[in-house]
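J.: The structure that follows is given in the form of structure tokens.
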Amino acid sequence: MTPFERAIRPFPGLTLALLSLPVAAGLVGVVAPAFGWLPALGGETLTLSPWRALLQAPGLADMLCLSLVTGLASSVIALAIVTLFLGAFLGTRPLRWVQRLLAPLLAVPHAAAAIGLAFLLAPSGLASRLVSPWASGWEQPPDYLFPGDPAGLALIAGLVLKEVPFLLLMSLAALPQCRAEERLRVARSLGYGRLNAFLRAVLPGLYPLIRLPVYAVIAFAGSTVDVAIILGPSTPPTLAVAVVRWLNDPDLALRFQASAAALLQLGVTALSLLAWWLAERLVARLAAGWLIGGVRARGERLGRTLAAGLTALSILMLGASLLGLLLWSLAGWWPFPAAWPSPMTLDAWRQGLASGATPLAHTASLGLASTLLALALAIGCLEAEALRRRTLAPRTQLILYLPLLVPPVAFLYGLVQWQAQLGLAAGWLAAALGHALFVLPYVFLTLAESYRRLDPRWGQVAAALGASKARVFWRVRLPLLAAPIGAAAAVGFAVSVGQYLPTLLLGGGRLATLTTEAVSLASGGDRRLTAVFALGQLALPALGFILAAGLPRWLFHHRVSDSTAT
Amino acid sequence: MPEPSPLILDDVVITRSGRPLVAVDARIAPGEVLTLMGPSGVGKSTLLAQVAGFLAPAFEAGGRIRLGDDDLTDAPPERRRLGLLFQDPLLFPHLSVGGNLAFGLPAGDGRAERRRRVDAALTDIGLSGFADRDPETLSGGQRARVALMRVLLAEPRAMLLDEPFSRLDAALRDEMRRLVFARVRERGLPTLMVTHDREDAEAAGGRVITLTAPGH
């Protein structure tokens, strides 16, 4: 075995350990204080008092209900939109247009999208300004509660807006695997309309392939903190937000209650997933006869209209949200119901530059560090696969999804307990490692398909020419994969920039990034500065995607001229 | 069952970025099998895709495709009701063998009647009792027969065969040829077959149009 093979071989084990151990340790770390055991804070006996305190917390039932409903409802709606859209447009031109919009849509961090949506649909937001006073008759901002309506509708809307592009991307990647085009052709040549053909012949093959991403969406939606702070109701908030509140309370005794609540959050997520799984079974049973009932073209036009309308609405809302952010960041004086601020000023940007330099540096350094680490681990795993000529077992791939399926608020908070107990320093390093936990799954999933599909004959040709395994890796496989590696890095960087909770918790609350600043500004009153931070938070990943698209081309161009020169 | 109509390819021309790829003008009578022969790359399958309604956007097509008086040229594939048999059987893996056949049956009738027709179709191809089997457990020849039956149950008005026997081994190939051609004659379906195998054309026993590479 060559030194190169010896160096590559431990990567899968190392990666899986790095992903599963923190999650497991975090869960252990949250269980002990939930039952009163946290010596660092003087809890040295096992007791149920944290649970008693939690049960007496005002509005607990509402919190639970809110978390369950917003998580499940947003996932159902997002999945329905994606299904309808693919059913109506698979293999047509609109699909290709949307496909091109997908990367920029995915690059928008959750917090930025949520702030944009809040600014768009608030009583004095861009939407109500555009229809006032000529259509609505409003001279004053109308009186409705958005964001923060008690039913969580704003929260659901914000989650749907970000989940649709994610599920769409996952579905598009899975379609070739289930031979979607062929299935569609067979069904249509048997007389099935486009949408009916998709629902009856393609979806049953597609859904199992996107089940894990769907579960990740459910787990995320039911336990998100940043989106829920910005868009969700505040009295009572969702359970995950309440955990963070109690955790940050100056009264340290509340930490025991927060631990119990974090554990309860784990239960809420498990319950959501269980409910979804049962619904899957039920739908599969109910649909068995429907699939083969022979109905060819029911609801085709309605489905297509709905699909086009909902997709256009989603894209329009995101676009208008971004425009609204831009206008607010430049607004000097912008009274209701003017649709355009006047005069425009750069004051907010100047102020943002002054106060945002440190957060910007933290965001970029955390993003670069966690992306590089994740990239090295992912490439090491995939190269180990290539050397062994065997892909990871499905069960080990499940571990990749672990940080996306276990609610972060539960295991991250447990890790904080370990920090406190073991006296580890909270700060940049801990936060960067925390970011990597969430960056790694995305980097791996983005890169895996291209890496596995790379024609093995490239390596064989090089080996036949006398290149060692290490040389094949460095000089043949990596350069050939420059473009997908760049894309995976951009995705990873975007994921890191969007992280709120790991920065807040593992950074000890003192590590400011564009995201933490944007979230805390959003609950204050300064819309102009909030808009500047949200835009900054959005510009960084966008820059990453532009670099990822351009850099490999530039590198490759250079290499061609080099090789022709020698 | 209504009187079968002829399938008419009225000056059908396929071009790619302005350059002609393949041109066919033919009238296929009910029960007749017209074979399009030629090496790969001459656009046989592209022509078939145009007749079926699946022409890829990279191509342009001229001429009309008609079934009797019914102009199909601009109809979506699902309205054409032309039975298309692919190279692969393409049985849906999420459905049982019986489910695949029921997928081909038109809607209507009760559940019991549909089940009866599926069972009858299976008996017809020597697979009675296979309704609840997973398609994966079938042999290549059995799958091909189920695929043929699924198309026929959808009551097509004509048949399109895209190298339907090329993936079968020699013994099965003869058997499937006999089965397919017997069924299209019995139902009086005008049939268009593309193939590069001369034996297919001989077995079909109809007219043969040989396409050559463009520019020759």
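Naming works like this for the structure tokens: A, B, ... for the chains as they're shown, residue 1 at the start of each chain, ligands 1 onward in shown order.
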Select from chain A every residue with an atom at most 8 Å from any atom of chain B, then for each give the shortest pair of atoms and their distance in Å to one decimal, using only C-alpha atoms, rows by chain and rising number, as a tab-separated table.
T.:
residue	atom	partner	partner_atom	distance
A:Glu182	CA	B:Leu90	CA	7.6
A:Arg183	CA	B:Phe92	CA	7.3
A:Arg185	CA	B:Phe54	CA	7.8
A:Val186	CA	B:Leu90	CA	7.5
A:Arg188	CA	B:Glu78	CA	4.8
A:Ser189	CA	B:Glu78	CA	5.5
A:Leu190	CA	B:Ala154	CA	6.1
A:Gly191	CA	B:Glu78	CA	3.8
A:Tyr192	CA	B:Glu78	CA	5.3
A:Gly193	CA	B:Glu78	CA	5.8
A:Arg194	CA	B:Glu78	CA	8.0
A:Ala201	CA	B:Phe92	CA	7.1
A:Pro204	CA	B:His94	CA	6.4
A:Gly205	CA	B:His94	CA	6.6
A:Leu291	CA	B:Phe103	CA	7.4
A:Ile292	CA	B:Phe103	CA	4.6
A:Gly293	CA	B:Ala107	CA	6.0
A:Gly294	CA	B:Ala107	CA	4.1
A:Val295	CA	B:Ala107	CA	4.8
A:Arg296	CA	B:Ala107	CA	7.4
J.: For Pro552 in chain A, work out the shell of residues within 9 Å, counting only C-alpha atoms and skipping chain neighbours fewer than 6 positions away, then give it as a ChimeraX atom specification.
T.: /A:479,482-483,486
J.: Of the candidates A:Leu271, A:Leu252, A:Ala431, A:Ile77, which one gets nearest to Ser365 in chain A if we count only C-alpha atoms?
T.: A:Ala431
J.: Out of B:Ser128, B:Thr212, B:Thr46, B:Thr191, which residue has the shortest atom-to-atom distance to Ser5 in chain B when counting only C-alpha atoms?
T.: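 Closest residue, counting only C-alpha atoms: B:Thr191.
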J.: One decimal, in Å: what's the spacing between CA of Arg528 in chain A and CA of Val227 in chain A?
T.: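 Value for the CA of Arg528 in chain A-CA of Val227 in chain A distance: 19.1 Å.
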J.: To one decimal place, how far is CA of Asn196 in chain A from CA of Leu95 in chain A in Å?
T.: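 CA of Leu95 in chain A lies 17.5 Å from CA of Asn196 in chain A.
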J.: Taking 2 positions as the minimum chain separation for residues in the same chain, which residues sit within 7 Å of Asp134 in chain B when counting only C-alpha atoms? Answer as a list in words.
T.: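 With the cut-off at 7 Å, the set is Ser96, Val97, Asp132, Glu136 and Thr137 of chain B.
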J.: Take the residues that were just selected and, keeping all heavy atoms, output them as a PDB file, in the first residue's frame.
T.:
ATOM      1  N   SER B  96     -46.883  -3.827  -9.569  1.00  0.00           N
ATOM      2  CA  SER B  96     -46.767  -5.270  -9.819  1.00  0.00           C
ATOM      3  C   SER B  96     -46.965  -5.517 -11.310  1.00  0.00           C
ATOM      4  O   SER B  96     -47.283  -4.593 -12.066  1.00  0.00           O
ATOM      5  CB  SER B  96     -47.841  -6.011  -9.021  1.00  0.00           C
ATOM      6  OG  SER B  96     -49.114  -5.623  -9.503  1.00  0.00           O
ATOM      7  N   VAL B  97     -46.801  -6.763 -11.734  1.00  0.00           N
ATOM      8  CA  VAL B  97     -47.048  -7.108 -13.138  1.00  0.00           C
ATOM      9  C   VAL B  97     -48.486  -6.746 -13.513  1.00  0.00           C
ATOM     10  O   VAL B  97     -48.743  -6.087 -14.527  1.00  0.00           O
ATOM     11  CB  VAL B  97     -46.777  -8.607 -13.359  1.00  0.00           C
ATOM     12  CG1 VAL B  97     -47.260  -9.035 -14.738  1.00  0.00           C
ATOM     13  CG2 VAL B  97     -45.299  -8.899 -13.208  1.00  0.00           C
ATOM     14  N   ASP B 132     -49.609 -10.634  -9.292  1.00  0.00           N
ATOM     15  CA  ASP B 132     -49.066  -9.977  -8.105  1.00  0.00           C
ATOM     16  C   ASP B 132     -47.548 -10.053  -8.026  1.00  0.00           C
ATOM     17  O   ASP B 132     -46.949  -9.616  -7.039  1.00  0.00           O
ATOM     18  CB  ASP B 132     -49.677 -10.585  -6.841  1.00  0.00           C
ATOM     19  CG  ASP B 132     -51.168 -10.297  -6.776  1.00  0.00           C
ATOM     20  OD1 ASP B 132     -51.541  -9.177  -7.171  1.00  0.00           O
ATOM     21  OD2 ASP B 132     -51.936 -11.178  -6.366  1.00  0.00           O
ATOM     22  N   GLU B 136     -39.460  -7.312 -11.499  1.00  0.00           N
ATOM     23  CA  GLU B 136     -38.045  -7.689 -11.392  1.00  0.00           C
ATOM     24  C   GLU B 136     -37.846  -9.206 -11.429  1.00  0.00           C
ATOM     25  O   GLU B 136     -36.786  -9.688 -11.790  1.00  0.00           O
ATOM     26  CB  GLU B 136     -37.459  -7.150 -10.071  1.00  0.00           C
ATOM     27  CG  GLU B 136     -37.101  -5.682 -10.098  1.00  0.00           C
ATOM     28  CD  GLU B 136     -35.961  -5.387 -11.062  1.00  0.00           C
ATOM     29  OE1 GLU B 136     -34.929  -6.076 -10.966  1.00  0.00           O
ATOM     30  OE2 GLU B 136     -36.109  -4.494 -11.906  1.00  0.00           O
ATOM     31  N   THR B 137     -38.864  -9.950 -11.002  1.00  0.00           N
ATOM     32  CA  THR B 137     -38.707 -11.401 -10.910  1.00  0.00           C
ATOM     33  C   THR B 137     -38.985 -12.097 -12.233  1.00  0.00           C
ATOM     34  O   THR B 137     -38.888 -13.316 -12.319  1.00  0.00           O
ATOM     35  CB  THR B 137     -39.654 -11.989  -9.837  1.00  0.00           C
ATOM     36  OG1 THR B 137     -41.003 -11.787 -10.285  1.00  0.00           O
ATOM     37  CG2 THR B 137     -39.469 -11.322  -8.494  1.00  0.00           C
TER      38      THR B 137
END
J.: Enumerate the residues of range 333-458 of chain A with a DSSP assignment of alpha helix (DSSP H), computed from the backbone, and present them as a ChimeraX atom specification.
T.: /A:347-388,394-400,402-405,408-422,428-453,456-458
J.: For the atom pair CA of Asp526 in chain A and CA of Ser329 in chain A, what is the interatomic distance in Å to one decimal place?
T.: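 Interatomic distance here is 10.2 Å.
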J.: Excluding same-chain residues fewer than 3 positions from range 64-66 of chain B, what lies within 7 Å of it counting only C-alpha atoms, as a ChimeraX atom specification?
T.: /B:7-12,51,69-73
J.: Output C-alpha atoms of each residue in that selection to a file, as a tab-separated table (two decimals), in the first residue's frame.
T.:
chain	number	residue	atom	x	y	z
B	7	LEU	CA	-51.33	5.72	-40.60
B	8	ILE	CA	-50.16	8.37	-43.05
B	9	LEU	CA	-46.75	10.05	-43.01
B	10	ASP	CA	-47.32	12.90	-45.42
B	11	ASP	CA	-43.93	14.22	-46.57
B	12	VAL	CA	-42.48	14.07	-43.07
B	51	VAL	CA	-44.59	10.28	-35.03
B	69	ASP	CA	-58.66	11.90	-41.29
B	70	ASP	CA	-57.29	12.69	-37.84
B	71	ASP	CA	-54.30	15.07	-38.05
B	72	LEU	CA	-51.93	14.19	-35.20
B	73	THR	CA	-49.02	16.45	-36.15
J.: Name the residues of range 27-79 of chain B that fall into strand (DSSP E) according to DSSP on the backbone, using the chain letters and numbers of this document, as a list of chain:residue names.
T.: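 The strand (DSSP E) residues within range 27-79 of chain B come out as B:Arg27, B:Ile28, B:Val33, B:Leu34, B:Thr35, B:Leu36, B:Met37, B:Phe59, B:Glu60, B:Ala61, B:Gly62, B:Gly63, B:Arg64, B:Ile65, B:Arg66, B:Leu67, B:Asp70, B:Asp71.
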J.: If we count only C-alpha atoms, what is near Met193 in chain B at a cut-off of 8 Å, once residues fewer than 2 positions away on the same chain are taken out, given as number ranges by chain?
T.: B: 33-36, 160-163, 191, 195
J.: Identify, on the basis of only C-alpha atoms, every residue whose closest approach to Ala253 in chain A does not exceed 12 Å; exclude the query and any residue fewer than 6 positions from it along the same chain; express the result as a list in words.
T.: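 Listing them by chain and then by number gives Pro33, Ala34, Gly36, Trp37, Leu38, Ala40, Leu41, Gly42, Gly43, Ser49, Pro50, Ala53, Leu54, Trp246, Leu247 and Ser259 of chain A.
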J.: How would the residues just chosen look if you wrote them out with N, CA, C and O atoms as an mmCIF file, in the first residue's frame?
T.:
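Listing of part23.cif after writing:
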data_model
loop_
_atom_site.group_PDB
_atom_site.id
_atom_site.type_symbol
_atom_site.label_atom_id
_atom_site.label_comp_id
_atom_site.auth_asym_id
_atom_site.auth_seq_id
_atom_site.Cartn_x
_atom_site.Cartn_y
_atom_site.Cartn_z
ATOM 1 N N PRO A 33 -28.180 17.864 32.096
ATOM 2 C CA PRO A 33 -28.763 19.036 32.778
ATOM 3 C C PRO A 33 -30.283 19.046 32.778
ATOM 4 O O PRO A 33 -30.897 19.647 33.666
ATOM 5 N N ALA A 34 -30.896 18.350 31.780
ATOM 6 C CA ALA A 34 -32.366 18.311 31.776
ATOM 7 C C ALA A 34 -32.873 17.582 33.016
ATOM 8 O O ALA A 34 -34.021 17.752 33.408
ATOM 9 N N GLY A 36 -31.181 17.854 35.890
ATOM 10 C CA GLY A 36 -30.628 18.561 37.047
ATOM 11 C C GLY A 36 -29.141 18.397 37.268
ATOM 12 O O GLY A 36 -28.594 18.943 38.224
ATOM 13 N N TRP A 37 -28.452 17.648 36.390
ATOM 14 C CA TRP A 37 -27.039 17.381 36.656
ATOM 15 C C TRP A 37 -26.151 18.285 35.820
ATOM 16 O O TRP A 37 -26.024 18.120 34.618
ATOM 17 N N LEU A 38 -25.573 19.290 36.435
ATOM 18 C CA LEU A 38 -24.635 20.174 35.743
ATOM 19 C C LEU A 38 -23.731 20.799 36.805
ATOM 20 O O LEU A 38 -23.995 21.885 37.301
ATOM 21 N N ALA A 40 -21.047 22.359 36.900
ATOM 22 C CA ALA A 40 -20.515 23.702 36.697
ATOM 23 C C ALA A 40 -21.468 24.760 37.232
ATOM 24 O O ALA A 40 -21.060 25.851 37.609
ATOM 25 N N LEU A 41 -22.775 24.449 37.252
ATOM 26 C CA LEU A 41 -23.750 25.409 37.759
ATOM 27 C C LEU A 41 -24.312 24.953 39.105
ATOM 28 O O LEU A 41 -25.364 25.392 39.537
ATOM 29 N N GLY A 42 -23.619 23.989 39.731
ATOM 30 C CA GLY A 42 -24.051 23.569 41.060
ATOM 31 C C GLY A 42 -25.157 22.541 41.067
ATOM 32 O O GLY A 42 -25.719 22.238 42.105
ATOM 33 N N GLY A 43 -25.477 21.977 39.878
ATOM 34 C CA GLY A 43 -26.492 20.928 39.857
ATOM 35 C C GLY A 43 -25.835 19.575 40.040
ATOM 36 O O GLY A 43 -25.180 19.095 39.120
ATOM 37 N N SER A 49 -37.000 18.519 38.600
ATOM 38 C CA SER A 49 -37.475 19.899 38.720
ATOM 39 C C SER A 49 -37.343 20.717 37.432
ATOM 40 O O SER A 49 -38.194 21.565 37.166
ATOM 41 N N PRO A 50 -36.311 20.468 36.561
ATOM 42 C CA PRO A 50 -36.322 21.217 35.293
ATOM 43 C C PRO A 50 -37.596 20.956 34.481
ATOM 44 O O PRO A 50 -38.125 21.870 33.848
ATOM 45 N N ALA A 53 -40.495 22.804 36.039
ATOM 46 C CA ALA A 53 -40.424 24.226 35.691
ATOM 47 C C ALA A 53 -40.882 24.427 34.252
ATOM 48 O O ALA A 53 -41.620 25.368 33.929
ATOM 49 N N LEU A 54 -40.448 23.512 33.374
ATOM 50 C CA LEU A 54 -40.809 23.651 31.966
ATOM 51 C C LEU A 54 -42.315 23.535 31.784
ATOM 52 O O LEU A 54 -42.928 24.322 31.057
ATOM 53 N N TRP A 246 -34.313 31.179 26.982
ATOM 54 C CA TRP A 246 -34.026 30.744 28.361
ATOM 55 C C TRP A 246 -32.538 30.565 28.559
ATOM 56 O O TRP A 246 -31.985 30.858 29.608
ATOM 57 N N LEU A 247 -31.895 30.101 27.516
ATOM 58 C CA LEU A 247 -30.468 29.871 27.582
ATOM 59 C C LEU A 247 -29.696 31.171 27.790
ATOM 60 O O LEU A 247 -28.697 31.231 28.502
ATOM 61 N N SER A 259 -32.479 23.088 29.079
ATOM 62 C CA SER A 259 -32.057 21.741 28.687
ATOM 63 C C SER A 259 -33.250 20.828 28.497
ATOM 64 O O SER A 259 -33.327 20.080 27.508
#
J.: Any idea what's packed within 9 Å of Asp347 in chain A, counting only C-alpha atoms, ignoring anything in its chain fewer than 3 positions away? Could you give it as a list in words?
T.: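 So, after excluding close chain neighbours, the residues are Ser329, Leu330, Ala331, Gly332, Arg350, Gln351 and Gly352 of chain A.
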J.: How would the residues just picked look written out with C-alpha atoms as an mmCIF file, in the first residue's frame?
T.:
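Contents of out35.cif, freshly written:
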data_model
loop_
_atom_site.group_PDB
_atom_site.id
_atom_site.type_symbol
_atom_site.label_atom_id
_atom_site.label_comp_id
_atom_site.auth_asym_id
_atom_site.auth_seq_id
_atom_site.Cartn_x
_atom_site.Cartn_y
_atom_site.Cartn_z
ATOM 1 C CA SER A 329 -30.946 50.154 2.506
ATOM 2 C CA LEU A 330 -30.925 53.298 0.363
ATOM 3 C CA ALA A 331 -33.961 55.012 1.831
ATOM 4 C CA GLY A 332 -33.508 58.381 3.408
ATOM 5 C CA ARG A 350 -21.744 54.011 5.584
ATOM 6 C CA GLN A 351 -23.033 53.123 9.016
ATOM 7 C CA GLY A 352 -23.079 49.448 8.051
#
J.: Which is closest to Tyr401 in chain A among A:Leu19, A:Leu326, A:Ala312, A:Ala463, if we use only C-alpha atoms?
T.: A:Leu19
